[in-house]
Structure formats: C-alpha cells, structure tokens
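Structure data (compact mmCIF, C-alpha atoms) from coords_7.txt:
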# COMPACT_ATOMS: atom_id res chain seq x y z
CA MET A 1 11.81 18.32 -8.20
CA LYS A 2 11.17 16.44 -4.98
CA MET A 3 14.02 15.01 -2.91
CA THR A 4 13.10 12.79 0.02
CA GLY A 5 15.27 11.57 2.86
CA ILE A 6 15.08 7.94 3.99
CA TYR A 7 16.32 7.88 7.57
CA LEU A 8 17.33 4.35 8.59
CA ALA A 9 16.61 3.91 12.31
CA ALA A 10 15.34 0.34 12.56
CA GLY A 11 18.57 -1.54 13.26
CA ASN A 12 18.95 -4.03 16.11
CA SER A 13 22.21 -2.58 17.54
CA LEU A 14 23.81 -6.01 17.98
CA ARG A 15 27.36 -4.70 18.31
CA MET A 16 26.30 -2.18 20.97
CA GLY A 17 24.60 -4.89 23.04
CA ARG A 18 21.50 -2.75 23.58
CA GLU A 19 19.23 -0.41 21.64
CA LYS A 20 21.55 2.48 20.83
CA LEU A 21 19.56 5.25 19.16
CA SER A 22 17.89 6.22 22.45
CA LEU A 23 21.25 6.52 24.24
CA PRO A 24 22.10 10.07 25.35
CA LEU A 25 24.78 11.78 23.26
CA GLY A 26 25.37 15.26 24.58
CA LYS A 27 22.03 16.97 25.12
CA LYS A 28 20.00 14.71 22.83
CA ARG A 29 19.57 11.10 21.80
CA LEU A 30 22.12 9.52 19.50
CA GLY A 31 19.36 8.92 16.96
CA MET A 32 18.39 12.60 16.85
CA TRP A 33 21.67 14.17 15.74
CA ALA A 34 21.50 13.24 12.06
CA LEU A 35 17.72 13.63 11.95
CA GLU A 36 17.94 17.25 13.08
CA LYS A 37 20.46 17.95 10.31
CA ALA A 38 18.18 16.28 7.76
CA VAL A 39 15.25 18.43 8.91
CA GLN A 40 17.40 21.58 8.67
CA SER A 41 18.47 20.67 5.13
CA ASN A 42 16.67 21.35 1.85
CA LEU A 43 15.13 17.87 1.74
CA ASP A 44 11.41 18.15 1.01
CA GLU A 45 10.42 15.28 3.31
CA ILE A 46 12.13 12.75 5.56
CA ILE A 47 10.80 9.21 5.92
CA VAL A 48 11.94 7.75 9.24
CA ILE A 49 12.10 3.95 9.24
CA SER A 50 11.98 3.10 12.93
CA ASN A 51 12.08 0.02 15.11
CA GLN A 52 9.35 -0.49 17.70
CA ALA A 53 11.51 0.85 20.54
CA ASN A 54 11.83 4.33 19.06
CA TYR A 55 8.69 4.57 16.93
CA GLN A 56 6.64 6.63 19.39
CA HIS A 57 9.53 9.01 20.03
CA TYR A 58 9.89 9.81 16.34
CA LYS A 59 6.12 9.88 15.85
CA ASN A 60 5.77 12.54 18.55
CA ILE A 61 8.16 14.95 16.83
CA ASP A 62 6.14 17.90 15.57
CA ASN A 63 7.56 18.58 12.13
CA LYS A 64 5.65 18.54 8.86
CA LYS A 65 8.66 17.18 6.98
CA LEU A 66 8.62 13.89 8.90
CA LYS A 67 6.76 10.70 8.05
CA VAL A 68 7.42 7.77 10.38
CA VAL A 69 7.14 4.09 9.45
CA GLU A 70 7.46 1.28 12.01
CA LEU A 71 9.29 -1.76 10.69
CA SER A 72 9.27 -5.14 12.43
CA GLY A 73 12.20 -6.45 10.38
CA ASN A 74 15.53 -4.80 11.00
CA ASN A 75 17.87 -5.56 8.11
CA LYS A 76 19.05 -2.68 5.99
CA SER A 77 17.53 -3.77 2.68
CA GLU A 78 14.04 -4.06 4.21
CA SER A 79 14.38 -0.56 5.66
CA ILE A 80 15.45 0.90 2.32
CA LYS A 81 12.58 -0.79 0.50
CA ALA A 82 10.03 0.37 3.08
CA GLY A 83 11.27 3.93 2.68
CA LEU A 84 11.27 3.61 -1.08
CA ASP A 85 7.67 2.39 -1.11
CA LEU A 86 6.53 5.59 0.58
CA ALA A 87 8.91 7.81 -1.39
CA ILE A 88 7.40 6.55 -4.63
CA THR A 89 3.86 7.30 -3.45
CA LEU A 90 5.12 10.82 -2.64
CA HIS A 91 6.35 11.14 -6.25
CA SER A 92 9.96 11.59 -5.19
CA ASP A 93 12.50 12.20 -7.94
CA ALA A 94 15.42 11.15 -5.73
CA VAL A 95 16.03 9.83 -2.23
CA MET A 96 18.79 10.54 0.26
CA ILE A 97 19.78 7.46 2.29
CA ILE A 98 20.78 8.63 5.78
CA LEU A 99 21.93 6.46 8.69
CA ALA A 100 20.59 7.27 12.16
CA ASP A 101 23.85 6.20 13.83
CA GLN A 102 25.95 8.68 11.84
CA PRO A 103 25.65 11.73 14.12
CA PHE A 104 28.26 14.01 12.54
CA ILE A 105 26.73 14.62 9.12
CA SER A 106 25.71 18.22 8.49
CA SER A 107 22.88 19.98 6.71
CA LYS A 108 25.52 21.76 4.60
CA MET A 109 26.81 18.39 3.42
CA LEU A 110 23.32 17.21 2.48
CA ASN A 111 22.58 20.47 0.68
CA ARG A 112 25.84 20.26 -1.27
CA LEU A 113 24.99 16.78 -2.55
CA MET A 114 21.53 17.96 -3.60
CA ALA A 115 22.89 21.06 -5.33
CA ILE A 116 25.35 18.96 -7.32
CA TYR A 117 22.57 16.60 -8.38
CA LYS A 118 20.39 19.48 -9.57
CA GLN A 119 23.18 20.55 -11.91
CA ASP A 120 22.82 17.26 -13.82
CA ILE A 121 19.68 15.26 -13.03
CA THR A 122 20.60 12.63 -15.63
CA LYS A 123 23.12 11.20 -13.15
CA ALA A 124 22.06 8.07 -11.25
CA PHE A 125 23.46 9.16 -7.88
CA VAL A 126 25.62 11.61 -5.97
CA ALA A 127 27.78 9.99 -3.29
CA PRO A 128 30.32 11.44 -0.86
CA THR A 129 33.70 9.76 -0.58
CA PHE A 130 36.62 9.74 1.81
CA LYS A 131 39.94 8.64 0.29
CA GLY A 132 38.02 7.11 -2.62
CA ASN A 133 35.60 5.07 -0.50
CA ILE A 134 31.86 5.69 -0.90
CA GLY A 135 29.84 6.24 2.25
CA PRO A 136 26.43 7.53 3.29
CA PRO A 137 24.55 9.82 3.17
CA ILE A 138 23.93 9.06 -0.52
CA LEU A 139 21.56 10.75 -2.97
CA ILE A 140 19.98 8.29 -5.40
CA SER A 141 17.94 9.16 -8.48
CA LYS A 142 14.70 7.35 -9.28
CA ILE A 143 16.65 5.83 -12.17
CA LEU A 144 18.12 3.40 -9.62
CA PHE A 145 14.95 2.66 -7.65
CA PRO A 146 14.51 -0.73 -9.40
CA ASP A 147 18.08 -1.66 -8.41
CA LEU A 148 17.41 -0.79 -4.76
CA TYR A 149 14.49 -3.22 -4.73
CA LYS A 150 16.96 -5.99 -5.63
CA LEU A 151 18.89 -5.55 -2.37
CA GLU A 152 18.71 -8.46 0.07
CA GLY A 153 19.49 -9.02 3.74
CA ASP A 154 21.75 -6.41 5.29
CA GLN A 155 22.94 -5.04 1.96
CA GLY A 156 22.92 -1.28 1.81
CA ALA A 157 22.77 1.02 -1.18
CA LYS A 158 26.57 1.22 -1.37
CA GLN A 159 26.92 -1.99 -3.38
CA THR A 160 24.44 -0.75 -5.98
CA LEU A 161 26.48 2.42 -6.40
CA ILE A 162 29.75 0.53 -6.75
CA ASP A 163 28.15 -1.50 -9.52
CA LYS A 164 26.85 1.68 -11.20
CA ARG A 165 29.85 3.89 -10.40
CA GLN A 166 30.20 5.23 -13.94
CA GLY A 167 26.67 6.63 -13.89
CA GLY A 168 27.04 8.81 -10.83
CA ILE A 169 28.99 11.66 -9.30
CA LEU A 170 31.51 11.09 -6.51
CA VAL A 171 32.13 14.03 -4.19
CA PRO A 172 35.31 13.89 -2.07
CA PHE A 173 35.27 15.10 1.54
CA ASP A 174 38.41 15.63 3.60
CA ASP A 175 37.23 14.88 7.15
CA GLU A 176 36.59 11.26 8.06
CA THR A 177 34.61 12.29 11.15
CA ILE A 178 31.49 13.16 9.17
CA PHE A 179 31.35 9.54 7.97
CA MET A 180 31.72 8.03 11.44
CA ASP A 181 28.97 5.75 12.69
CA ILE A 182 28.63 4.62 16.29
CA ASP A 183 28.26 0.85 16.50
CA ARG A 184 30.17 -0.31 19.59
CA ARG A 185 30.09 0.63 23.26
CA ASP A 186 33.70 1.88 23.26
CA GLU A 187 32.95 4.15 20.29
CA TYR A 188 29.88 5.50 22.04
CA LEU A 189 31.72 6.19 25.31
CA SER A 190 34.54 7.95 23.48
CA TRP A 191 32.23 10.24 21.51
CA GLU A 192 29.94 10.81 24.49
CA ARG A 193 32.88 12.29 26.41
CA ASN A 194 33.81 14.64 23.57
CA ILE A 195 30.47 15.45 21.94
CA GLU A 196 30.04 18.92 23.44
CA SER A 197 33.03 20.17 21.44
CA MET A 198 31.65 18.84 18.14
CA ASN A 199 29.87 20.94 15.53
CA PRO A 200 29.06 18.97 12.35
CA ASP A 201 28.72 22.11 10.24
CA GLU A 202 32.21 23.22 11.26
CA LEU A 203 33.55 19.76 10.40
CA TYR A 204 32.11 20.11 6.92
CA GLU A 205 33.95 23.36 6.33
Output the structure of this file as structure tokens.
Amino acid sequence: MKMTGIYLAAGNSLRMGREKLSLPLGKKRLGMWALEKAVQSNLDEIIVISNQANYQHYKNIDNKKLKVVELSGNNKSESIKAGLDLAITLHSDAVMIILADQPFISSKMLNRLMAIYKQDITKAFVAPTFKGNIGPPILISKILFPDLYKLEGDQGAKQTLIDKRQGGILVPFDDETIFMDIDRRDEYLSWERNIESMNPDELYE
C-alpha cells in the first residue's frame, strides 16, 4: 500500500503581507518545519506543490522521497489537484494533505493517522480533530479522489470530509498547538520568539 504526502506550499501569503514560507523560524525556514516531519514519517513519497519563490529551494533538497511541482496558480484547490495528478501516476492508495504553514505537526502524528487507516482501508479518510473540529493533516483514500477534483477556488479538503463524515475515522487530539498555522505577522513574531522551546513530537505526546 502506497501513501503519498501532498505538501501545500504554493500559497500567496496575503495575510502575512510577504512570502512567508522562506521566513526564518528558529534555525530553519517556516516552510521546512512540517516538511521535515513528513520526510521523517512513514509516508512513501511527498509531493511538494511550490510557488515560484520557493521552487528552487525545495528542488535542491536531496531526498529521494521528495517530488517538487511548481504551480503558477496559488489557490488551495489547484494545489490539491496538481498533487493528486502526480499521486495517481505514482499509483498512490491514499494521500496525506499537509499544509506548509503548519509547523508544529509531528511525524508521530502522521504515523498514527496512517496506522489507523491501515487497520481499515475501506474507510474514506482519517482526520485529526480538536474539540470536534476537523483540521489538517488529513489522510484521504483514493475512494475520495474524484471528490477532491470537484473542489474549486480556495476550498480545501476539509469540506469534502465534512460532507463524507460518516465514511471516515475522526481521531481526537488534545493539544491545539499541533493544528496551528502561521498566517499573520503577529502570529509569526510570537512563535519566532518562542520556537526554540518547541518540540512537535513532545506536543503530540
């Protein structure tokens, strides 16, 4: 069974006011935190959907798991579809949708979602929740690939899962931090001051 990550890194960072994934966060770029965890996980491959600004940076990473796609459009549905196109050619049985601006996910979290899916591959998805609300990263079976192609504009996979909620598995997590994304300058400055004390794998536990 092949499980492929789709790493969404092509956004336009409008709320930040500048391209954000290249901003320093601790000792690495903001856009590298979640990617490193994805690489460390049991995902077979990770498809990075990148904007032009960061394409060469991702392309230069020497890791056999990574496949990098440059996308001129920057809405979420286009990114998901571009990743899905390649995932299908790779004969993926499921994809994990991962956001590049969500730096506090952990490889343990990703592996837990995959392990739960392997226990019942008839399920359409496995999604983490915090206080009942679904959030990425989300594992989606090929059963739902046709539904993902119906997404438009800045729609993410979350709406598809809400519509198909009865066909999937929801996995509760207790720490909201692992779901945090960094969109605004004040959020970035706050986390940048405190990042050295953060360990995503400890948050998971």
Using only C-alpha atoms, which residue out of A:Leu170, A:Ile143, A:Val39, A:Leu189 lies closest to Pro128 in chain A?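 The closest residue to Pro128 in chain A is A:Leu170.
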CA of Pro146 in chain A to CA of Ser106 in chain A: how many Å, to one decimal?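 Calculated distance between CA of Pro146 in chain A and CA of Ser106 in chain A is 28.4 Å.
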Top pick for closest residue to Ala82 in chain A, considering A:Met3, A:Ile98, A:Ile49, A:Leu21 and counting all atoms listed in the file: A:Ile49
Nearest to Asp183 in chain A among A:Lys20, A:Lys142, A:Lys2, A:His57, with distances taken over only C-alpha atoms: which residue is it?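 Ranked by minimum distance to Asp183 in chain A, first place goes to A:Lys20.
CA of Ile134 in chain A sits 14.0 Å away from CA of Thr177 in chain A.
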